[in-house]
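Worksheet for the structure shown next.
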Amino acid sequence: MTATIGGARTMAGAARHDAGAASDLVLRVTGLTKRYGARTVVDGLDLEVRRGEVFGFLGPNGAGKTTAMAMILGLVAPHAGQIEILGHDALADREAALRRVGAIVETPTYYPYLSGLDNLRVLALARGGAPQGRLDEVLRLVGLKGRERDRFGSYSLGMKQRLGIAGALLHEPELLILDEPSNGLDPAGMVEIRELILRLAHDGRTIVLCSHLLAEVQQVCDRVLILAGGRAIVQSEVATLLSQGAQTVLRVDDPTRAAGILRGVAWIEEVAREGDALLLTMPPDRQFALGQVLSEHGLIVGEMRREERDLESYFLSITGDAPAPL
């Protein structure tokens, strides 16, 4: 079961993640480094992805995100560092490490003149085959059952993306890596991919999501890593990041008098004025105490609400870059 807090996906209950359990880690990267000539594009990257979570991998243009993902998938050799996937050393035994990993990179490419089903059959044969029941299962999972006999070339971009995810799911991977799965989609297609990711996560799938669509990331990811200049500058739960810089918006009948009173309250860190509203930096669990202070001074409350920043605002505050396509 999932819940939404401040626009971020969080777990209802503490059962899913145990940060201290090594066996709970699906992906661990330590000190990962890649250089091209004198330029270091990934510099000592550390990250951990836990079983069953949706992990966002973000960064501005040129941050090193694509190179990092390519190293994790064995497409680019690192100069230093370690990659462990499902307990396997991915640098020493790439085949074993990637056996239970599925991935799509941007728009999947299939034979346009074949049906979606036949394209999946071709892909399955490349991995030793798959029973028809498994093909039907992944088509149903991604919402293409009933359209599987249509030519791939006739699919919308969103359907093509979903077929790509179906192909990545064929061999029942424990880790799914999705690079820009919503890139170029219209709003309806973005909703389709978002809902698919949430369904996969609800079923316990571990997902690494690379995307520049921060509003989408905010809605589906449990934790994110933000890369800048080849280095990880933040790795945290989305809900925690959104709570940083959150404010209580307050409207009362006499904001000037209220501001003077509230600046003397020890647990209110800052009081700012914006028009007829007061912006308070204070602990989120002191709302009732705030109401009591105002009541004791005869102030009438017209509005009191908690306002959290969104992921895009946080991203800009620490990178200084617009979240352009990566």
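Residue numbering restarts at 1 for every chain of the structure tokens, chains are lettered A, B, ... in their displayed order, and ligands are numbered from 1 as they appear.
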Selection: 6 Å around Arg51 of chain A, only C-alpha atoms, excl. self and same-chain fewer than 3 positions, as an MDAnalysis selection string: chainID A and resid 24:26 206
Which of segment 79-140 of chain A DSSP labels strand (DSSP E), written as a ChimeraX atom specification: /A:80-85,88-89,101-105
Surrounding residues of segment 75-83 of chain A excluding itself and chain neighbours under 4 positions, 10 Å, only C-alpha atoms, as a PyMOL selection string: chain A and resi 27-36+40+42-47+67-71+87-92+94+97
Go ahead and dump the residues you just picked, C-alpha atoms, as a compact mmCIF listing (two decimals), in the first residue's frame.
```
# COMPACT_ATOMS: atom_id res chain seq x y z
CA LEU A 27 22.37 -2.45 -6.19
CA ARG A 28 25.46 -1.06 -4.47
CA VAL A 29 27.95 1.22 -6.21
CA THR A 30 31.13 2.33 -4.45
CA GLY A 31 33.72 4.82 -5.66
CA LEU A 32 32.65 4.53 -9.31
CA THR A 33 34.86 6.70 -11.51
CA LYS A 34 35.11 7.28 -15.25
CA ARG A 35 37.45 9.61 -17.12
CA TYR A 36 37.60 10.65 -20.76
CA THR A 40 36.40 13.08 -15.02
CA VAL A 42 31.86 10.32 -12.90
CA ASP A 43 33.84 10.96 -9.76
CA GLY A 44 33.75 8.51 -6.85
CA LEU A 45 30.02 7.77 -7.11
CA ASP A 46 28.43 5.89 -4.21
CA LEU A 47 24.81 4.75 -4.28
CA THR A 67 27.74 7.32 -18.17
CA ALA A 68 27.02 6.00 -14.67
CA MET A 69 24.05 3.94 -15.91
CA ALA A 70 26.14 2.62 -18.82
CA MET A 71 28.80 1.43 -16.35
CA GLY A 87 25.14 -9.91 -4.48
CA HIS A 88 27.26 -10.39 -7.62
CA ASP A 89 30.38 -8.44 -8.50
CA ALA A 90 29.31 -6.89 -11.81
CA LEU A 91 32.89 -6.14 -12.88
CA ALA A 92 34.19 -9.65 -12.20
CA ARG A 94 28.96 -9.34 -15.56
CA ALA A 97 25.19 -9.82 -12.18
```
Shortest interatomic distance to Leu294 of chain A - which of A:Leu209, A:Ala258, A:Ile268, A:Leu163, counting only C-alpha atoms: A:Ala258
Residue nearest Glu296 of chain A - candidates A:Ala130, A:Ile261, A:Leu169, A:Ala246, atoms counted: only C-alpha atoms: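 Looking only at the distances to Glu296 of chain A, the closest residue turns out to be A:Ile261.
Here atom CA of Arg50 of chain A is placed at a distance of 28.0 Å from atom CA of Gly158 of chain A.
Of the residues listed (A:Gln161, A:Gln132, A:Ser295, A:Thr248), A:Gln161 shows the shortest atom-to-atom separation from Leu185 of chain A; distances use only C-alpha atoms.
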DSSP helix (DSSP H, G or I) residues within segment 70-223 of chain A, listed as an MDAnalysis selection string: chainID A and resid 70:72 94:98 116:126 132:141 152:154 157:169 187:202 214:220
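Candidate residues A:Arg199, A:His212, A:Arg257, A:Arg263 were compared for distance to Gly52 of chain A, and the nearest is A:Arg199, using only C-alpha atoms.
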Might you pull out every residue within 10 Å of Cys221 of chain A, with only C-alpha atoms counted and same-chain residues fewer than 6 positions away left off, and present them as a short mmCIF file (atom, residue, chain, number, x, y, z; two decimals) with all heavy atoms, in the first residue's frame?
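Heads up, here's the output in around20.cif:
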```cif
data_model
loop_
_atom_site.label_atom_id
_atom_site.label_comp_id
_atom_site.auth_asym_id
_atom_site.auth_seq_id
_atom_site.Cartn_x
_atom_site.Cartn_y
_atom_site.Cartn_z
N ALA A 8 4.94 13.29 -2.74
CA ALA A 8 5.97 12.27 -2.87
C ALA A 8 5.41 10.92 -2.49
O ALA A 8 4.60 10.80 -1.59
CB ALA A 8 7.16 12.61 -1.95
N ARG A 9 5.89 9.88 -3.18
CA ARG A 9 5.43 8.54 -2.88
C ARG A 9 6.20 8.02 -1.68
O ARG A 9 7.42 8.01 -1.65
CB ARG A 9 5.66 7.64 -4.10
CG ARG A 9 5.25 6.20 -3.88
CD ARG A 9 5.39 5.42 -5.17
NE ARG A 9 5.07 4.02 -4.95
CZ ARG A 9 5.95 3.11 -4.60
NH1 ARG A 9 7.20 3.45 -4.41
NH2 ARG A 9 5.60 1.86 -4.43
N THR A 10 5.47 7.58 -0.64
CA THR A 10 6.10 7.00 0.54
C THR A 10 5.39 5.72 0.87
O THR A 10 4.32 5.43 0.36
CB THR A 10 6.03 7.95 1.75
OG1 THR A 10 4.65 8.15 2.07
CG2 THR A 10 6.68 9.28 1.45
N GLU A 53 12.12 -0.66 -3.82
CA GLU A 53 11.90 0.78 -3.89
C GLU A 53 11.99 1.28 -5.34
O GLU A 53 12.53 0.61 -6.22
CB GLU A 53 12.89 1.54 -3.02
CG GLU A 53 14.30 1.64 -3.55
CD GLU A 53 15.19 2.49 -2.65
OE1 GLU A 53 14.68 3.25 -1.81
OE2 GLU A 53 16.43 2.39 -2.79
N VAL A 54 11.43 2.46 -5.55
CA VAL A 54 11.62 3.18 -6.82
C VAL A 54 12.64 4.28 -6.53
O VAL A 54 12.39 5.18 -5.73
CB VAL A 54 10.30 3.79 -7.34
CG1 VAL A 54 10.54 4.46 -8.69
CG2 VAL A 54 9.23 2.71 -7.47
N PHE A 55 13.77 4.19 -7.20
CA PHE A 55 14.92 5.05 -6.92
C PHE A 55 15.13 5.97 -8.11
O PHE A 55 15.33 5.53 -9.24
CB PHE A 55 16.17 4.19 -6.69
CG PHE A 55 17.40 4.96 -6.28
CD1 PHE A 55 17.65 5.21 -4.94
CD2 PHE A 55 18.29 5.42 -7.23
CE1 PHE A 55 18.80 5.90 -4.55
CE2 PHE A 55 19.43 6.13 -6.86
CZ PHE A 55 19.68 6.36 -5.51
N GLY A 56 15.06 7.28 -7.88
CA GLY A 56 15.25 8.25 -8.94
C GLY A 56 16.71 8.65 -9.08
O GLY A 56 17.39 8.92 -8.08
N PHE A 57 17.19 8.69 -10.31
CA PHE A 57 18.58 9.06 -10.59
C PHE A 57 18.54 10.31 -11.45
O PHE A 57 18.16 10.27 -12.62
CB PHE A 57 19.28 7.91 -11.32
CG PHE A 57 20.78 8.00 -11.33
CD1 PHE A 57 21.50 8.01 -10.15
CD2 PHE A 57 21.48 8.07 -12.53
CE1 PHE A 57 22.88 8.09 -10.15
CE2 PHE A 57 22.86 8.14 -12.54
CZ PHE A 57 23.56 8.16 -11.35
N ILE A 197 4.58 2.21 -13.68
CA ILE A 197 5.68 2.15 -12.72
C ILE A 197 5.13 1.91 -11.31
O ILE A 197 5.67 1.11 -10.55
CB ILE A 197 6.51 3.45 -12.79
CG1 ILE A 197 7.27 3.51 -14.11
CG2 ILE A 197 7.48 3.53 -11.61
CD1 ILE A 197 7.97 4.84 -14.36
N LEU A 198 4.04 2.59 -10.98
CA LEU A 198 3.44 2.41 -9.65
C LEU A 198 2.91 0.99 -9.47
O LEU A 198 3.03 0.41 -8.38
CB LEU A 198 2.34 3.44 -9.43
CG LEU A 198 2.81 4.89 -9.24
CD1 LEU A 198 1.62 5.84 -9.22
CD2 LEU A 198 3.63 5.04 -7.96
N ALA A 201 5.91 -1.23 -8.89
CA ALA A 201 6.42 -1.01 -7.54
C ALA A 201 5.51 -1.66 -6.51
O ALA A 201 5.99 -2.24 -5.52
CB ALA A 201 6.56 0.49 -7.26
N ILE A 207 13.02 -0.61 -8.90
CA ILE A 207 13.12 0.18 -10.13
C ILE A 207 14.10 1.33 -9.93
O ILE A 207 14.02 2.05 -8.92
CB ILE A 207 11.74 0.73 -10.54
CG1 ILE A 207 10.75 -0.42 -10.78
CG2 ILE A 207 11.85 1.60 -11.79
CD1 ILE A 207 9.33 0.04 -10.97
N VAL A 208 15.00 1.51 -10.88
CA VAL A 208 15.84 2.71 -10.96
C VAL A 208 15.31 3.53 -12.12
O VAL A 208 15.27 3.04 -13.26
CB VAL A 208 17.32 2.36 -11.16
CG1 VAL A 208 18.14 3.64 -11.39
CG2 VAL A 208 17.87 1.62 -9.94
N LEU A 209 14.90 4.75 -11.85
CA LEU A 209 14.27 5.61 -12.84
C LEU A 209 15.16 6.82 -13.11
O LEU A 209 15.40 7.63 -12.22
CB LEU A 209 12.90 6.06 -12.34
CG LEU A 209 12.15 7.08 -13.19
CD1 LEU A 209 11.82 6.50 -14.56
CD2 LEU A 209 10.88 7.55 -12.48
N GLU A 237 15.48 10.34 0.89
CA GLU A 237 14.08 10.11 0.62
C GLU A 237 13.45 11.38 0.05
O GLU A 237 13.76 12.49 0.49
CB GLU A 237 13.35 9.68 1.89
CG GLU A 237 13.78 8.32 2.40
CD GLU A 237 12.97 7.88 3.61
OE1 GLU A 237 12.10 8.65 4.06
OE2 GLU A 237 13.22 6.76 4.09
N VAL A 238 12.55 11.20 -0.90
CA VAL A 238 11.91 12.36 -1.53
C VAL A 238 11.14 13.18 -0.50
O VAL A 238 11.22 14.41 -0.47
CB VAL A 238 10.96 11.89 -2.66
CG1 VAL A 238 10.16 13.07 -3.21
CG2 VAL A 238 11.76 11.25 -3.78
N ALA A 239 10.40 12.51 0.37
CA ALA A 239 9.61 13.23 1.37
C ALA A 239 10.50 14.09 2.27
O ALA A 239 10.12 15.20 2.66
CB ALA A 239 8.80 12.24 2.21
#
```
